[in-house]
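What's in data21.cif: mmCIF, C-alpha atoms and all ligand atoms
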data_query
loop_
_atom_site.label_atom_id
_atom_site.label_comp_id
_atom_site.auth_asym_id
_atom_site.auth_seq_id
_atom_site.Cartn_x
_atom_site.Cartn_y
_atom_site.Cartn_z
CA MET A 1 12.25 154.15 168.71
CA ALA A 2 14.80 156.40 167.03
CA VAL A 3 14.87 156.56 163.25
CA GLN A 4 17.27 154.14 161.64
CA PHE A 5 17.77 152.40 158.32
CA SER A 6 16.62 148.84 157.87
CA GLN A 7 19.42 146.30 157.58
CA GLU A 8 19.07 146.22 153.81
CA THR A 9 19.14 150.00 153.44
CA TYR A 10 22.09 150.25 155.81
CA ARG A 11 23.92 147.74 153.63
CA GLN A 12 23.18 149.92 150.61
CA PHE A 13 24.37 152.98 152.54
CA GLU A 14 27.68 151.28 153.31
CA GLU A 15 28.02 150.36 149.66
CA VAL A 16 27.31 153.97 148.62
CA LEU A 17 30.09 155.18 150.91
CA THR A 18 32.62 153.12 148.98
CA HIS A 19 31.97 155.27 145.89
CA TYR A 20 32.94 158.58 147.50
CA PRO A 21 36.20 159.97 148.84
CA THR A 22 34.55 161.39 151.97
CA LYS A 23 31.38 160.73 153.94
CA ARG A 24 30.21 164.29 153.25
CA ALA A 25 30.30 163.62 149.51
CA ALA A 26 27.76 160.82 149.94
CA LEU A 27 25.08 163.16 151.30
CA LEU A 28 22.78 163.27 148.24
CA PRO A 29 22.74 159.51 147.62
CA THR A 30 22.07 159.05 151.33
CA PHE A 31 19.09 161.40 150.98
CA TRP A 32 17.74 159.16 148.20
CA LEU A 33 18.10 156.07 150.37
CA ALA A 34 16.38 157.82 153.27
CA GLN A 35 13.54 159.14 151.12
CA GLU A 36 13.02 155.66 149.71
CA GLU A 37 12.97 154.14 153.18
CA PHE A 38 11.08 156.76 155.19
CA GLY A 39 9.04 158.51 152.50
CA TYR A 40 10.41 161.96 153.24
CA LEU A 41 13.20 163.73 155.06
CA SER A 42 11.73 164.62 158.44
CA PRO A 43 13.87 166.53 160.98
CA GLU A 44 14.49 163.19 162.75
CA VAL A 45 15.64 161.56 159.52
CA MET A 46 17.95 164.48 158.75
CA GLU A 47 19.42 164.22 162.24
CA TYR A 48 20.03 160.51 161.69
CA ILE A 49 21.76 161.25 158.38
CA ALA A 50 23.88 163.89 160.07
CA GLN A 51 25.04 161.30 162.61
CA LEU A 52 25.77 158.73 159.92
CA LEU A 53 27.87 161.16 157.90
CA ASP A 54 29.49 163.09 160.77
CA LEU A 55 27.83 166.32 159.69
CA SER A 56 25.89 168.93 161.62
CA PRO A 57 22.09 168.64 161.45
CA ALA A 58 21.98 172.29 160.33
CA TYR A 59 24.22 171.55 157.35
CA VAL A 60 22.14 168.51 156.35
CA ALA A 61 18.92 170.52 156.63
CA ALA A 62 20.39 173.37 154.58
CA VAL A 63 21.43 171.04 151.75
CA ALA A 64 18.07 169.23 151.79
CA SER A 65 16.21 172.55 151.60
CA PHE A 66 17.99 173.40 148.34
CA TYR A 67 16.66 170.41 146.40
CA THR A 68 12.97 170.15 145.48
CA MET A 69 13.32 166.42 144.76
CA PHE A 70 13.84 165.73 148.44
CA ASP A 71 10.55 165.95 150.31
CA LYS A 72 10.64 167.59 153.71
CA GLU A 73 7.07 166.64 154.57
CA PRO A 74 4.84 163.66 153.80
CA LYS A 75 3.56 163.50 150.24
CA GLY A 76 0.66 161.69 148.65
CA LYS A 77 1.03 158.31 147.02
CA PHE A 78 1.24 160.12 143.70
CA HIS A 79 3.39 163.24 143.78
CA LEU A 80 2.82 165.30 140.64
CA GLN A 81 5.63 167.80 140.12
CA VAL A 82 4.98 170.28 137.35
CA CYS A 83 7.90 172.20 135.86
CA THR A 84 7.07 175.89 135.75
CA ASN A 85 10.37 177.17 134.40
CA LEU A 86 10.54 179.29 131.27
CA SER A 87 10.32 176.69 128.48
CA CYS A 88 7.40 174.94 130.11
CA THR A 89 5.66 178.18 130.99
CA LEU A 90 5.91 179.39 127.40
CA VAL A 91 3.96 176.35 126.20
CA GLY A 92 1.28 176.12 128.84
CA ALA A 93 2.64 174.95 132.21
CA GLN A 94 0.26 177.32 133.99
CA GLN A 95 -2.72 175.72 132.27
CA ILE A 96 -1.43 172.32 133.38
CA VAL A 97 -1.16 173.53 136.98
CA GLU A 98 -4.64 175.07 136.88
CA CYS A 99 -6.11 171.92 135.36
CA LEU A 100 -4.52 169.74 138.06
CA GLU A 101 -5.58 172.11 140.84
CA GLN A 102 -9.14 171.97 139.60
CA LYS A 103 -9.17 168.22 139.03
CA LEU A 104 -7.62 167.41 142.41
CA GLY A 105 -9.28 170.19 144.42
CA ILE A 106 -5.96 171.32 145.90
CA LYS A 107 -3.43 174.08 145.31
CA LEU A 108 0.29 173.83 144.62
CA GLY A 109 2.10 172.54 147.69
CA GLU A 110 -0.93 170.66 148.99
CA THR A 111 -1.98 167.02 149.34
CA THR A 112 -5.49 165.70 148.84
CA PRO A 113 -7.26 164.83 152.11
CA ASP A 114 -7.22 161.12 151.19
CA GLY A 115 -3.42 161.23 150.87
CA LYS A 116 -3.45 160.02 147.27
CA PHE A 117 -2.14 163.06 145.40
CA SER A 118 0.32 165.85 146.09
CA LEU A 119 0.91 168.71 143.68
CA SER A 120 4.11 170.73 143.49
CA GLU A 121 5.88 173.03 141.11
CA VAL A 122 9.53 172.36 140.42
CA GLU A 123 12.44 173.90 138.60
CA CYS A 124 13.57 172.74 135.15
CA LEU A 125 13.38 168.97 134.80
CA GLY A 126 15.91 168.98 131.99
CA SER A 127 13.37 168.06 129.34
CA CYS A 128 12.65 171.50 127.86
CA GLY A 129 12.38 170.07 124.33
CA THR A 130 9.27 168.15 125.33
CA ALA A 131 7.68 170.89 127.45
CA PRO A 132 5.42 171.14 129.30
CA VAL A 133 6.60 168.35 131.57
CA LEU A 134 5.74 166.83 134.91
CA GLN A 135 7.49 164.23 137.01
CA LEU A 136 5.56 161.57 138.88
CA ASN A 137 7.15 160.58 142.20
CA THR A 138 10.90 160.05 141.77
CA GLY A 139 10.97 158.65 138.28
CA ASP A 140 8.46 158.86 135.49
CA TYR A 141 8.27 161.89 133.19
CA TYR A 142 5.10 162.89 131.36
CA GLU A 143 5.90 165.15 128.44
CA ASN A 144 4.19 167.34 125.82
CA LEU A 145 1.37 167.76 128.30
CA THR A 146 -2.06 169.13 127.57
CA PRO A 147 -4.94 169.63 129.98
CA GLU A 148 -6.58 166.58 128.41
CA ARG A 149 -3.50 164.40 128.99
CA VAL A 150 -3.11 165.36 132.64
CA THR A 151 -6.82 164.84 133.23
CA GLN A 152 -6.47 161.34 131.80
CA LEU A 153 -3.33 160.73 133.88
CA VAL A 154 -5.08 161.69 137.12
CA GLU A 155 -8.02 159.45 136.28
CA GLU A 156 -5.70 156.50 135.56
CA LEU A 157 -3.75 157.04 138.78
CA ALA A 158 -6.94 157.39 140.83
CA LYS A 159 -7.92 153.90 139.71
CA GLN A 160 -4.60 152.52 141.02
CA ALA A 161 -4.76 154.35 144.33
S1 LIG B 1 11.80 174.39 131.59
FE1 LIG B 1 10.53 172.70 132.01
S2 LIG B 1 11.79 170.99 131.59
FE2 LIG B 1 13.08 172.67 131.30
#

In structure tokens, how does this file's structure come out?
Ligand code: FES
Amino acid sequence: MAVQFSQETYRQFEEVLTHYPTKRAALLPTFWLAQEEFGYLSPEVMEYIAQLLDLSPAYVAAVASFYTMFDKEPKGKFHLQVCTNLSCTLVGAQQIVECLEQKLGIKLGETTPDGKFSLSEVECLGSCGTAPVLQLNTGDYYENLTPERVTQLVEELAKQA
């Protein structure tokens, strides 16, 4: 069956449209709805969004590719996104990445074989004053990180998985 929003998500999509002057302007919030519903923006999902918003699939794919917060492939249950921009790098982001790679047994851009954890690097998360920072999934920030703190975080998340 072709990809399509659930009734509830479609209702939210219609509501989102009322906040924008054109369908095109609602592209990013539609991405959020789609990511919430489908987990990531697959080519089929992007084609569906293109139909909904009267856009070309190529345009939708190009916009999606610009934003790291929109996943273009399946991610683990816990997606750890470490900021590696300047402020974070100056206070140890690389050590955080190395610690997570070692703890999880994967490299940046990979997902653990059990599908529990994905590890990515991202651009500035807008929290430079509390660097180094990582974002968990689409919401929670973990700030002033140390290798000890991220080790503890992974252990806590592993218990929930
Ligand atoms: S550089 Fe990492 S939050 Fe800004």

request  = Return the single residue from A:Leu28, A:Leu90, A:Cys128, A:Cys99 that is closest to Pro147 (chain A), with distances computed using all atoms listed in the file.
outcome  =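 Smallest distance to Pro147 (chain A) is found for A:Cys99.
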
key: At most 8 Å from ligand LIG 1 (chain B) (only C-alpha atoms and all ligand atoms): residue list as a ChimeraX atom specification   = /A:83-89,123-133

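Every protein, DNA or RNA residue with an atom at most 10 Å from Lys107 (chain A), where only C-alpha atoms count and chain neighbours fewer than 4 positions away do not, is listed here: Val97, Glu98, Leu100, Glu101, Gln102, Thr111, Thr112, Ser118, Leu119 and Ser120 of chain A.
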
key: d(CA of Pro29 (chain A), CA of Leu17 (chain A)) in Å   =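 Between CA of Pro29 (chain A) and CA of Leu17 (chain A) the gap works out to 9.1 Å.
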
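With all atoms listed in the file as the basis for measurement, A:Leu157 is the residue among A:Tyr59, A:Glu8, A:Leu157, A:Ala93 that approaches Gly76 (chain A) most closely.
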
ask   = Pick the closest to Met69 (chain A) from A:Val45, A:Leu108, A:Leu136, A:Leu145: which is it, counting only C-alpha atoms?
value = A:Leu136

message = Here is a test: counting all atoms listed in the file, which residue of A:Ala158, A:Thr146, A:Val91, A:Ile49 is nearest to Asp114 (chain A)?
response =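 Of all the options, A:Ala158 lies closest to Asp114 (chain A).
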
Size and centre in Å, one decimal, axis-aligned box, all listed region 154-160 of chain A atoms plus 6 Å per side, as JSON:
{"center_x": -5.9, "center_y": 157.1, "center_z": 138.3, "size_x": 16.3, "size_y": 21.2, "size_z": 17.5}

query = In Å, with one decimal, what is the gap from CA of Arg149 (chain A) to CA of Leu104 (chain A)?
reply =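 So the two atoms, CA of Arg149 (chain A) and CA of Leu104 (chain A), lie 14.4 Å apart.
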
ask   = Between A:Leu33, A:Tyr40, A:Ala2, A:Tyr67, which one has atoms that come closest to Glu15 (chain A), using only C-alpha atoms?
value =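 Among the listed residues, A:Leu33 lies closest to Glu15 (chain A).
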
ask   = Suppose you want the space between CA of Lys77 (chain A) and CA of Asn137 (chain A); what is it in Å?
value =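 Between CA of Lys77 (chain A) and CA of Asn137 (chain A) the gap works out to 8.1 Å.
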
task = May I have the protein, DNA and RNA residues with any atom at most 10 Å from the point (19.3, 168.2, 161.5), counting all atoms listed in the file, written as JSON, numbers by chain?
result = {"A": [41, 42, 43, 44, 45, 46, 47, 48, 49, 50, 51, 55, 56, 57, 58, 59, 60, 61, 62, 64]}

key: Residue among A:Glu14, A:Glu148, A:Glu156, A:Glu37 lying closest to Ile96 (chain A), counting all atoms listed in the file   = A:Glu148

message = Env of Leu134 (chain A): 7 Å cut, atoms = only C-alpha atoms, seq-sep filter 4 positions within chain, self excluded. Answer as an MDAnalysis selection string.
response = chainID A and resid 80:83 141:143

So that each row is one residue of region 45-73 of chain A with an atom at most 9 Å from region 18-25 of chain A, can you give its shortest atom pair and the distance in Å to one decimal, using only C-alpha atoms, rows by chain and rising number, as JSON lines?
{"residue": "A:Leu52", "atom": "CA", "partner": "A:Lys23", "partner_atom": "CA", "distance": 8.4}
{"residue": "A:Leu53", "atom": "CA", "partner": "A:Lys23", "partner_atom": "CA", "distance": 5.3}
{"residue": "A:Asp54", "atom": "CA", "partner": "A:Lys23", "partner_atom": "CA", "distance": 7.5}
{"residue": "A:Leu55", "atom": "CA", "partner": "A:Arg24", "partner_atom": "CA", "distance": 7.2}

File dump, residues just selected, C-alpha atoms, as a PDB file, keeping the file's coordinate frame:
ATOM      1  CA  LEU A  52      25.770 158.730 159.920  1.00  0.00           C
ATOM      2  CA  LEU A  53      27.870 161.160 157.900  1.00  0.00           C
ATOM      3  CA  ASP A  54      29.490 163.090 160.770  1.00  0.00           C
ATOM      4  CA  LEU A  55      27.830 166.320 159.690  1.00  0.00           C
TER       5      LEU A  55
END

What does region 33-87 of chain A look like written to a file with C-alpha atoms, as a short mmCIF file (atom, residue, chain, number, x, y, z; two decimals), in the first residue's frame?
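Writing done, so here's decode-v5.cif:
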data_model
loop_
_atom_site.label_atom_id
_atom_site.label_comp_id
_atom_site.auth_asym_id
_atom_site.auth_seq_id
_atom_site.Cartn_x
_atom_site.Cartn_y
_atom_site.Cartn_z
CA LEU A 33 4.66 15.24 10.95
CA ALA A 34 6.00 12.68 8.50
CA GLN A 35 9.06 11.90 10.59
CA GLU A 36 6.84 11.44 13.63
CA GLU A 37 4.51 9.14 11.73
CA PHE A 38 6.93 7.13 9.60
CA GLY A 39 10.16 7.38 11.59
CA TYR A 40 12.18 8.87 8.75
CA LEU A 41 11.81 10.52 5.37
CA SER A 42 12.16 7.68 2.88
CA PRO A 43 11.99 8.44 -0.87
CA GLU A 44 8.37 7.18 -0.81
CA VAL A 45 7.49 9.51 2.07
CA MET A 46 9.11 12.46 0.31
CA GLU A 47 7.13 11.65 -2.83
CA TYR A 48 3.94 11.58 -0.78
CA ILE A 49 4.80 14.97 0.74
CA ALA A 50 5.50 16.34 -2.71
CA GLN A 51 2.02 15.26 -3.82
CA LEU A 52 0.38 16.74 -0.73
CA LEU A 53 2.08 20.10 -1.20
CA ASP A 54 2.04 20.26 -5.02
CA LEU A 55 5.83 20.28 -5.17
CA SER A 56 8.29 18.27 -7.22
CA PRO A 57 9.84 15.26 -5.47
CA ALA A 58 13.28 16.63 -6.39
CA TYR A 59 12.56 19.90 -4.59
CA VAL A 60 11.30 18.08 -1.49
CA ALA A 61 14.36 15.81 -1.46
CA ALA A 62 16.70 18.78 -1.88
CA VAL A 63 15.17 20.63 1.08
CA ALA A 64 15.19 17.50 3.25
CA SER A 65 18.85 16.89 2.45
CA PHE A 66 19.77 20.32 3.86
CA TYR A 67 18.50 19.62 7.38
CA THR A 68 20.25 17.11 9.64
CA MET A 69 17.22 16.92 11.94
CA PHE A 70 15.25 15.14 9.24
CA ASP A 71 16.36 11.53 8.95
CA LYS A 72 16.62 10.11 5.47
CA GLU A 73 17.19 6.56 6.66
CA PRO A 74 15.97 4.49 9.61
CA LYS A 75 17.53 5.40 12.94
CA GLY A 76 17.85 3.53 16.20
CA LYS A 77 15.37 3.94 19.02
CA PHE A 78 17.82 6.37 20.60
CA HIS A 79 19.41 8.77 18.13
CA LEU A 80 22.37 10.52 19.75
CA GLN A 81 23.33 13.64 17.81
CA VAL A 82 26.55 15.23 18.96
CA CYS A 83 27.28 18.84 18.01
CA THR A 84 30.77 19.09 16.57
CA ASN A 85 30.75 22.77 15.69
CA LEU A 86 33.41 25.13 16.98
CA SER A 87 32.22 25.89 20.52
#
